[in-house]
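One structure is given here, and the rest of the page talks about it.
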There are 2 protein chains.
Amino acid sequence: MTTEARRGRPRAEGADARILDAAYEVLVDRGYDRYSIDEVAQRAGVAKTTVYRRWPTRDHLIVAVVAKIQDEVPVTDTGDIRHDLVTYLEAIVAGLDRMRRVGRAMEPGDRSAGLVAEIVAAAARHTDVGGALRGLFARRNALPLALLASARARGDLKPDAQPGVIFDELAGAIYYRLLITGEPIDGDYASRLVDQVLAGARTPHEEGT
Amino acid sequence: MTTEARRGRPRAEGADARILDAAYEVLVDRGYDRYSIDEVAQRAGVAKTTVYRRWPTRDHLIVAVVAKIQDEVPVTDTGDIRHDLVTYLEAIVAGLDRMRRVGRAMEPGDRSAGLVAEIVAAAARHTDVGGALRGLFARRNALPLALLASARARGDLKPDAQPGVIFDELAGAIYYRLLITGEPIDGDYASRLVDQVLAGARTPHEEGT
DNA sequence: GCCATTTCGATACTCCCGTTGCGTAAGTCC
DNA sequence: GGACTTACGCAACGGGAGTATCGAAATGGC
């Protein structure tokens with residue numbers, strides 16, 4: 001469908017890729033705030049208008065770059081729901097920590113969410129970017145949600161456990177620390193999250209109401 | 001300490017307030033993206049340099065405006081931890097929903113986090129803004145954390161329940177939906193979050209490991 | 001071959017951020 | 001009163017986002 005022969009002059013072959021590569025370079029070299037379309041175009045050997053013909057704003061281009069370098073988060077299903085969840089969350093944490101540092105020399109105590117926050121803002125500014133990102137997350141979260149559902153199906157979780165809510169709480173706590181409170185996410189944070197959710201907070205003898 | 005007689009010409013009386021008011025107006029009228037310092041200065045009847053002498057970037061001014069209109073989130077301690085948590089979270093949800101709409105005409109199905117995401121990005125861009133915001137959240141979250149701690153002290157929560165982790169999960173889930181997945185936060189979402197955390201997910205007979 | 005269509009590079013433009021320089025106003029210090 | 005210090009308004013500037021316009025180039029349709 002994309003291959004269907006169009007009328008006028010065809011788009012320059014490989015220009016998309018060269019622009020994306022150049023954008024990534026500039027993003028790494030200069031950081032988000034000093035990243036400019038002019039420099040991307042120059043490095044890609046392309047006019048600025050050619051860039052804007054493909055990505056309407058600088059935000060769109062950045063999100064395209066990030067989506068491209070975004071690696072898959074592997075999901076293991078060992079039958080041990082606690083272990084699988086911890087593994088998954090730790091992969092998320094590692095990925096986020098890598099992304100927040102892109103193009104930024106972070107001091108040891110730096111708690112900035114960096115590029116992650118910029119992506120979130122870009123999603124909020126442009127409805128199409130937001131939609132694309134939400135689709136990406138929906139696809140990505142399908143696996144851990146299935147993991148929870150199957151754990152419930154085989155009786156490892158209570159029948160009334162809600163995978164959607166549980167996953168929001170686990171992933172949400174991580175993003176909350178990163179984006180809002182800035183509290184450090186140490187090595188055992190993921191396992192503490194999982195343990196808390198699985199065990200519950202209320203004292204046993206009060207269950208039932 | 002702020003009243004101590006300084007040397008040179010004193011700052012124009014009330015200029016701060018006029019600028020903040022003007023900034024709020026512009027923010028509401030134009031929205032975040034079309035909000036410009038030039039217009040703020042003009043509406044406040046002040047030179048642009050006077051604005052920049054007080055707030056070094058447009059982000060700083062916006063955060064100052066938001067911090068000013070940010071109302072307190074009331075914490076009730078009725079002794080019913082479930083009820084108190086749900087009440088608190090619903091107040092958070094209402095506040096966030098108000099803030100995300102500032103200066104933006106939202107279509108019914110619009111899931112954009114709006115101004116909330118911009119504040120998060122501003123915090124990530126400027127270390128001082130980030131620090132101030134983190135301090136604000138630390139102060140604000142102290143009350144619900146105390147609520148959880150006292151519930152644990154009187155035996156309503158398990159001795160090994162971790163208030164910090166629990167609160168991250170509750171608040172985090174809300175911010176996660178708002179900023180990341182864009183899933184709607186319906187009326188009973190807060191209570192579902194609280195119930196899930198309090199009850200726990202694991203089947204009772206498997207507790208203990 | 002010729003035309004319509006689309007992309008290309010190049011240039012100029014508008015808008016806004018944030019900075020700088022300058023002359024002036026309004027205070028303090030002595 | 002005079003020196004000093006700081007804030008003020010005004011104007012100009014550099015830089016980047018995004019738009020508009022132009023002639024040239026590359027394709028399909030006929």
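Residue names in the structure tokens use chain letters A, B, ... in the order shown, residue numbers from 1 in each chain, and ligand numbers from 1 in the order shown.
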Requested in this report: Give me the RMSD in Å over all C-alpha atoms, paired in order, after least-squares superposition of chain A onto chain B.
Outcome: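 C-alpha RMSD, chain A fitted to chain B: 0.1 Å.
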Query raised in the report: Could you pull the residues within 10 Å of DG18 (chain D), counting only C-alpha atoms (C1' of nucleotides), minus those fewer than 5 positions along the same chain, as a ChimeraX atom specification?
Result: /A:49,52,56-58 /C:14-15
So that I have them on file, write out the residues from the current selection with C-alpha atoms (C1' of nucleotides), as a short mmCIF file (atom, residue, chain, number, x, y, z; two decimals), in the first residue's frame.
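See again.cif below for the written result:
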```cif
data_model
loop_
_atom_site.label_atom_id
_atom_site.label_comp_id
_atom_site.auth_asym_id
_atom_site.auth_seq_id
_atom_site.Cartn_x
_atom_site.Cartn_y
_atom_site.Cartn_z
CA THR A 49 11.88 22.07 4.36
CA TYR A 52 9.37 19.48 7.88
CA PRO A 56 5.63 18.54 11.14
CA THR A 57 7.29 19.64 14.39
CA ARG A 58 10.50 19.02 16.23
"C1'" DT C 14 7.43 36.11 11.21
"C1'" DC C 15 7.32 35.09 15.85
#
```
For chain B against chain A, with a cut-off of 8 Å and counting only C-alpha atoms, what is the closest atom pair and its distance in Å to one decimal for every residue that makes the cut, ordered by chain and number, as JSON lines?
```
{"residue": "B:Ser112", "atom": "CA", "partner": "A:Ala124", "partner_atom": "CA", "distance": 4.7}
{"residue": "B:Ala113", "atom": "CA", "partner": "A:Ala124", "partner_atom": "CA", "distance": 5.3}
{"residue": "B:Gly114", "atom": "CA", "partner": "A:Ala124", "partner_atom": "CA", "distance": 5.3}
{"residue": "B:Ala117", "atom": "CA", "partner": "A:Ala121", "partner_atom": "CA", "distance": 4.9}
{"residue": "B:Glu118", "atom": "CA", "partner": "A:Ala121", "partner_atom": "CA", "distance": 5.5}
{"residue": "B:Val120", "atom": "CA", "partner": "A:Ala117", "partner_atom": "CA", "distance": 6.3}
{"residue": "B:Ala121", "atom": "CA", "partner": "A:Ala117", "partner_atom": "CA", "distance": 4.9}
{"residue": "B:Ala123", "atom": "CA", "partner": "A:Ser112", "partner_atom": "CA", "distance": 7.3}
{"residue": "B:Ala124", "atom": "CA", "partner": "A:Ser112", "partner_atom": "CA", "distance": 4.7}
{"residue": "B:Arg125", "atom": "CA", "partner": "A:Gly114", "partner_atom": "CA", "distance": 6.7}
{"residue": "B:Thr127", "atom": "CA", "partner": "A:Ser112", "partner_atom": "CA", "distance": 7.1}
{"residue": "B:Gly130", "atom": "CA", "partner": "A:Ser112", "partner_atom": "CA", "distance": 7.2}
{"residue": "B:Leu133", "atom": "CA", "partner": "A:Thr181", "partner_atom": "CA", "distance": 7.9}
{"residue": "B:Arg134", "atom": "CA", "partner": "A:Thr181", "partner_atom": "CA", "distance": 5.2}
{"residue": "B:Phe137", "atom": "CA", "partner": "A:Thr181", "partner_atom": "CA", "distance": 6.4}
{"residue": "B:Ala138", "atom": "CA", "partner": "A:Thr181", "partner_atom": "CA", "distance": 7.3}
{"residue": "B:Gly155", "atom": "CA", "partner": "A:Thr203", "partner_atom": "CA", "distance": 7.3}
{"residue": "B:Asp156", "atom": "CA", "partner": "A:Thr203", "partner_atom": "CA", "distance": 6.0}
{"residue": "B:Leu157", "atom": "CA", "partner": "A:Arg202", "partner_atom": "CA", "distance": 4.5}
{"residue": "B:Lys158", "atom": "CA", "partner": "A:Thr203", "partner_atom": "CA", "distance": 4.8}
{"residue": "B:Ala161", "atom": "CA", "partner": "A:Ala201", "partner_atom": "CA", "distance": 5.5}
{"residue": "B:Gln162", "atom": "CA", "partner": "A:Gln196", "partner_atom": "CA", "distance": 7.6}
{"residue": "B:Val165", "atom": "CA", "partner": "A:Leu193", "partner_atom": "CA", "distance": 6.3}
{"residue": "B:Ile166", "atom": "CA", "partner": "A:Gln196", "partner_atom": "CA", "distance": 7.2}
{"residue": "B:Asp168", "atom": "CA", "partner": "A:Ala173", "partner_atom": "CA", "distance": 4.8}
{"residue": "B:Glu169", "atom": "CA", "partner": "A:Glu169", "partner_atom": "CA", "distance": 4.5}
{"residue": "B:Leu170", "atom": "CA", "partner": "A:Glu169", "partner_atom": "CA", "distance": 6.2}
{"residue": "B:Ala171", "atom": "CA", "partner": "A:Ala173", "partner_atom": "CA", "distance": 7.4}
{"residue": "B:Gly172", "atom": "CA", "partner": "A:Gly172", "partner_atom": "CA", "distance": 4.2}
{"residue": "B:Ala173", "atom": "CA", "partner": "A:Gly172", "partner_atom": "CA", "distance": 4.3}
{"residue": "B:Ile174", "atom": "CA", "partner": "A:Gly172", "partner_atom": "CA", "distance": 7.3}
{"residue": "B:Tyr175", "atom": "CA", "partner": "A:Tyr176", "partner_atom": "CA", "distance": 6.7}
{"residue": "B:Tyr176", "atom": "CA", "partner": "A:Gly172", "partner_atom": "CA", "distance": 4.7}
{"residue": "B:Arg177", "atom": "CA", "partner": "A:Asp168", "partner_atom": "CA", "distance": 7.4}
{"residue": "B:Leu179", "atom": "CA", "partner": "A:Val120", "partner_atom": "CA", "distance": 6.5}
{"residue": "B:Ile180", "atom": "CA", "partner": "A:Val120", "partner_atom": "CA", "distance": 6.9}
{"residue": "B:Thr181", "atom": "CA", "partner": "A:Arg134", "partner_atom": "CA", "distance": 5.2}
{"residue": "B:Gly182", "atom": "CA", "partner": "A:Arg134", "partner_atom": "CA", "distance": 6.7}
{"residue": "B:Arg192", "atom": "CA", "partner": "A:Val165", "partner_atom": "CA", "distance": 7.4}
{"residue": "B:Leu193", "atom": "CA", "partner": "A:Val165", "partner_atom": "CA", "distance": 6.3}
{"residue": "B:Gln196", "atom": "CA", "partner": "A:Ala161", "partner_atom": "CA", "distance": 7.1}
{"residue": "B:Val197", "atom": "CA", "partner": "A:Gly200", "partner_atom": "CA", "distance": 5.4}
{"residue": "B:Leu198", "atom": "CA", "partner": "A:Ala201", "partner_atom": "CA", "distance": 4.5}
{"residue": "B:Ala199", "atom": "CA", "partner": "A:Gly200", "partner_atom": "CA", "distance": 4.8}
{"residue": "B:Gly200", "atom": "CA", "partner": "A:Gly200", "partner_atom": "CA", "distance": 3.2}
{"residue": "B:Ala201", "atom": "CA", "partner": "A:Leu198", "partner_atom": "CA", "distance": 4.5}
{"residue": "B:Arg202", "atom": "CA", "partner": "A:Leu157", "partner_atom": "CA", "distance": 4.5}
{"residue": "B:Thr203", "atom": "CA", "partner": "A:Lys158", "partner_atom": "CA", "distance": 4.8}
{"residue": "B:Pro204", "atom": "CA", "partner": "A:Lys158", "partner_atom": "CA", "distance": 8.0}
{"residue": "B:Glu206", "atom": "CA", "partner": "A:Asp156", "partner_atom": "CA", "distance": 7.9}
{"residue": "B:Glu207", "atom": "CA", "partner": "A:Ala199", "partner_atom": "CA", "distance": 7.0}
```
Requested in this report: Compute the chain D side of the contact with chain B at 9 Å, counting only C-alpha atoms (C1' of nucleotides), and hand it back as a ChimeraX atom specification.
Outcome: /D:4-10
Given the selection you just returned, output its residues as a file containing N, CA and C atoms (P, O5', C5', C4', C3', O3' and C1' of nucleotides), formatted as a CSV table (one decimal), in the first residue's frame.
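Dumped to again.csv:
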```
chain,number,residue,atom,x,y,z
D,4,DC,P,31.9,56.5,43.8
D,4,DC,O5',30.8,55.5,44.1
D,4,DC,C5',30.6,55.2,45.5
D,4,DC,C4',29.3,54.3,45.7
D,4,DC,C3',29.2,53.2,44.6
D,4,DC,O3',29.1,52.0,45.2
D,4,DC,C1',27.1,54.4,44.9
D,5,DT,P,29.2,50.6,44.4
D,5,DT,O5',27.7,50.0,44.5
D,5,DT,C5',27.0,50.3,45.7
D,5,DT,C4',25.5,50.0,45.5
D,5,DT,C3',25.2,48.9,44.5
D,5,DT,O3',24.3,48.0,45.0
D,5,DT,C1',23.9,50.8,44.0
D,6,DT,P,24.2,46.4,44.5
D,6,DT,O5',22.8,46.4,43.8
D,6,DT,C5',21.6,46.7,44.6
D,6,DT,C4',20.5,47.2,43.8
D,6,DT,C3',20.1,46.3,42.6
D,6,DT,O3',18.8,45.8,42.9
D,6,DT,C1',20.1,48.7,42.1
D,7,DA,P,18.0,44.8,41.9
D,7,DA,O5',17.0,45.9,41.2
D,7,DA,C5',16.0,46.5,42.0
D,7,DA,C4',15.2,47.4,41.2
D,7,DA,C3',14.5,46.7,40.0
D,7,DA,O3',13.1,47.1,39.9
D,7,DA,C1',15.8,48.6,39.3
D,8,DC,P,12.2,46.4,38.8
D,8,DC,O5',12.1,47.5,37.7
D,8,DC,C5',11.5,48.8,38.0
D,8,DC,C4',11.8,49.8,36.9
D,8,DC,C3',11.3,49.3,35.5
D,8,DC,O3',10.0,49.6,35.3
D,8,DC,C1',13.4,50.6,35.5
D,9,DG,P,9.3,48.9,34.1
D,9,DG,O5',9.7,49.8,32.8
D,9,DG,C5',9.4,51.2,32.8
D,9,DG,C4',10.0,51.8,31.6
D,9,DG,C3',9.5,51.2,30.3
D,9,DG,O3',9.2,52.3,29.3
D,9,DG,C1',11.9,51.1,30.4
D,10,DC,P,8.5,51.9,27.9
D,10,DC,O5',9.7,51.9,26.9
D,10,DC,C5',10.7,53.0,27.0
D,10,DC,C4',11.9,52.6,26.0
D,10,DC,C3',11.5,51.9,24.8
D,10,DC,O3',11.9,52.6,23.7
D,10,DC,C1',13.4,50.9,25.8
```
So that I can check the surroundings of region 83-97 of chain B, please list as a short mmCIF file (atom, residue, chain, number, x, y, z; two decimals) with C-alpha atoms, in the first residue's frame every protein, DNA and RNA residue that reaches within 7 Å of it, counting only C-alpha atoms (C1' of nucleotides) and ignoring chain neighbours fewer than 5 positions away.
```cif
data_model
loop_
_atom_site.label_atom_id
_atom_site.label_comp_id
_atom_site.auth_asym_id
_atom_site.auth_seq_id
_atom_site.Cartn_x
_atom_site.Cartn_y
_atom_site.Cartn_z
CA VAL B 73 -5.57 18.88 49.25
CA VAL B 75 -6.69 15.13 54.48
CA THR B 76 -9.32 13.70 56.73
CA ASP B 77 -8.47 11.20 59.44
CA THR B 78 -11.69 9.42 60.27
CA ALA B 190 -9.62 5.64 43.17
CA SER B 191 -11.58 3.17 45.26
CA VAL B 194 -7.26 1.47 47.29
#
```
Report task. Up to 9 Å from chain B, what residues of chain C turn up? Count only C-alpha atoms (C1' of nucleotides) and give them as a list in words. Result ->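 Using only C-alpha atoms (C1' of nucleotides), chain C residues at most 9 Å from chain B: DC16, DC17, DG18, DA25, DA26, DG27, DT28 and DC29 of chain C.
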Using only N, CA and C atoms (P, O5', C5', C4', C3', O3' and C1' of nucleotides), please write the residues we just selected to a file, as a PDB file, in the first residue's frame.
```
ATOM      1  P    DC C  16       4.364  36.107  19.026  1.00  0.00           P
ATOM      2  O5'  DC C  16       5.467  35.500  19.990  1.00  0.00           O
ATOM      3  C5'  DC C  16       5.560  34.097  20.154  1.00  0.00           C
ATOM      4  C4'  DC C  16       6.932  33.742  20.633  1.00  0.00           C
ATOM      5  C3'  DC C  16       7.364  34.483  21.906  1.00  0.00           C
ATOM      6  O3'  DC C  16       7.512  33.537  22.947  1.00  0.00           O
ATOM      7  C1'  DC C  16       9.103  34.379  20.274  1.00  0.00           C
ATOM      8  P    DC C  17       7.876  34.005  24.421  1.00  0.00           P
ATOM      9  O5'  DC C  17       9.338  33.436  24.658  1.00  0.00           O
ATOM     10  C5'  DC C  17       9.639  32.105  24.304  1.00  0.00           C
ATOM     11  C4'  DC C  17      11.138  31.887  24.378  1.00  0.00           C
ATOM     12  C3'  DC C  17      11.785  32.388  25.657  1.00  0.00           C
ATOM     13  O3'  DC C  17      12.617  31.384  26.207  1.00  0.00           O
ATOM     14  C1'  DC C  17      12.846  33.365  23.760  1.00  0.00           C
ATOM     15  P    DG C  18      12.910  31.371  27.807  1.00  0.00           P
ATOM     16  O5'  DG C  18      14.207  32.295  27.816  1.00  0.00           O
ATOM     17  C5'  DG C  18      15.370  31.806  27.167  1.00  0.00           C
ATOM     18  C4'  DG C  18      16.328  32.943  26.949  1.00  0.00           C
ATOM     19  C3'  DG C  18      16.662  33.776  28.195  1.00  0.00           C
ATOM     20  O3'  DG C  18      18.036  33.618  28.474  1.00  0.00           O
ATOM     21  C1'  DG C  18      16.341  35.116  26.272  1.00  0.00           C
ATOM     22  P    DA C  25      14.756  60.424  34.768  1.00  0.00           P
ATOM     23  O5'  DA C  25      14.257  59.467  35.934  1.00  0.00           O
ATOM     24  C5'  DA C  25      13.278  58.478  35.643  1.00  0.00           C
ATOM     25  C4'  DA C  25      13.138  57.542  36.824  1.00  0.00           C
ATOM     26  C3'  DA C  25      12.987  58.237  38.175  1.00  0.00           C
ATOM     27  O3'  DA C  25      12.011  57.532  38.930  1.00  0.00           O
ATOM     28  C1'  DA C  25      14.847  56.775  38.244  1.00  0.00           C
ATOM     29  P    DA C  26      11.369  58.194  40.220  1.00  0.00           P
ATOM     30  O5'  DA C  26      11.997  57.360  41.416  1.00  0.00           O
ATOM     31  C5'  DA C  26      11.790  55.967  41.472  1.00  0.00           C
ATOM     32  C4'  DA C  26      12.662  55.367  42.543  1.00  0.00           C
ATOM     33  C3'  DA C  26      12.685  56.163  43.867  1.00  0.00           C
ATOM     34  O3'  DA C  26      12.534  55.266  44.945  1.00  0.00           O
ATOM     35  C1'  DA C  26      14.881  55.770  43.115  1.00  0.00           C
ATOM     36  P    DG C  27      11.721  55.706  46.253  1.00  0.00           P
ATOM     37  O5'  DG C  27      12.362  54.781  47.397  1.00  0.00           O
ATOM     38  C5'  DG C  27      13.394  55.285  48.174  1.00  0.00           C
ATOM     39  C4'  DG C  27      14.650  54.458  47.976  1.00  0.00           C
ATOM     40  C3'  DG C  27      15.718  54.700  49.032  1.00  0.00           C
ATOM     41  O3'  DG C  27      15.482  53.897  50.167  1.00  0.00           O
ATOM     42  C1'  DG C  27      16.661  54.530  46.827  1.00  0.00           C
ATOM     43  P    DT C  28      16.160  54.302  51.565  1.00  0.00           P
ATOM     44  O5'  DT C  28      17.679  53.870  51.359  1.00  0.00           O
ATOM     45  C5'  DT C  28      18.016  52.495  51.188  1.00  0.00           C
ATOM     46  C4'  DT C  28      19.527  52.323  51.232  1.00  0.00           C
ATOM     47  C3'  DT C  28      20.183  52.796  52.529  1.00  0.00           C
ATOM     48  O3'  DT C  28      21.208  51.885  52.894  1.00  0.00           O
ATOM     49  C1'  DT C  28      21.095  53.984  50.703  1.00  0.00           C
ATOM     50  P    DC C  29      21.885  52.038  54.365  1.00  0.00           P
ATOM     51  O5'  DC C  29      23.236  52.819  53.988  1.00  0.00           O
ATOM     52  C5'  DC C  29      24.095  52.266  53.005  1.00  0.00           C
ATOM     53  C4'  DC C  29      25.351  53.124  52.868  1.00  0.00           C
ATOM     54  C3'  DC C  29      25.911  53.660  54.190  1.00  0.00           C
ATOM     55  O3'  DC C  29      27.328  53.565  54.178  1.00  0.00           O
ATOM     56  C1'  DC C  29      25.481  55.456  52.707  1.00  0.00           C
TER      57       DC C  29
END
```
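Distance-wise, CA of Ile69 (chain B) and CA of Gly109 (chain B) end up 25.8 Å apart.
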Report task. Please identify all polymer residues within 10 Å of DT21 (chain D), counting only C-alpha atoms (C1' of nucleotides), omitting same-chain residues fewer than 2 positions from it, and present them as a ChimeraX atom specification. Result -> /C:11-12 /D:19,23
Requested in this report: Extract the full set of alpha helix (DSSP H) residues from region 63-172 of chain A according to DSSP on the backbone, and format it as a ChimeraX atom specification.
Outcome: /A:63-69,81-100,115-125,127-153,163-172
Report task. May I have the residues within 12 Å of DC13 (chain D) as a PyMOL selection string, using only C-alpha atoms (C1' of nucleotides) and disregarding those fewer than 6 positions away in the same chain? Result -> chain C and resi 18-21
**Report entry** Coordinates-based distance that separates CA of Glu25 (chain A) from CA of Arg104 (chain A) (Å, one decimal)
**Finding:**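 One can read the CA of Arg104 (chain A) to CA of Glu25 (chain A) distance as 12.7 Å.
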Query raised in the report: Could you name the residues that touch DC30 (chain D) at 12 Å or less, counting only C-alpha atoms (C1' of nucleotides), but leaving out those on the same chain fewer than 5 positions away, as an NGL selection string?
Result: :C and (1-4)
Take the residues just selected and output them with N, CA and C atoms (P, O5', C5', C4', C3', O3' and C1' of nucleotides) as a tab-separated table (two decimals), in the first residue's frame.
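Saved the output as part13.tsv:
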```
chain	number	residue	atom	x	y	z
C	1	DG	P	12.00	13.37	-26.84
C	1	DG	O5'	10.86	14.46	-26.96
C	1	DG	C5'	10.37	14.79	-28.26
C	1	DG	C4'	8.96	15.28	-28.08
C	1	DG	C3'	8.84	16.44	-27.10
C	1	DG	O3'	7.86	17.33	-27.57
C	1	DG	C1'	7.56	14.62	-26.32
C	2	DC	P	7.82	18.79	-27.01
C	2	DC	O5'	6.61	18.71	-25.97
C	2	DC	C5'	5.32	18.34	-26.43
C	2	DC	C4'	4.36	18.22	-25.26
C	2	DC	C3'	4.55	19.29	-24.17
C	2	DC	O3'	3.28	19.79	-23.80
C	2	DC	C1'	4.58	17.15	-23.21
C	3	DC	P	3.14	21.18	-23.01
C	3	DC	O5'	2.16	20.81	-21.81
C	3	DC	C5'	1.08	19.91	-22.05
C	3	DC	C4'	0.69	19.21	-20.78
C	3	DC	C3'	0.75	20.10	-19.53
C	3	DC	O3'	-0.47	20.00	-18.82
C	3	DC	C1'	1.92	18.09	-19.15
C	4	DA	P	-0.89	21.08	-17.73
C	4	DA	O5'	-1.23	20.20	-16.45
C	4	DA	C5'	-1.93	18.97	-16.61
C	4	DA	C4'	-1.65	18.06	-15.45
C	4	DA	C3'	-1.63	18.76	-14.09
C	4	DA	O3'	-2.36	17.98	-13.15
C	4	DA	C1'	0.41	17.63	-14.41
```
Query raised in the report: CA of Gly14 (chain B) and C1' of DT24 (chain C), how far apart in Å?
Result: 20.9 Å
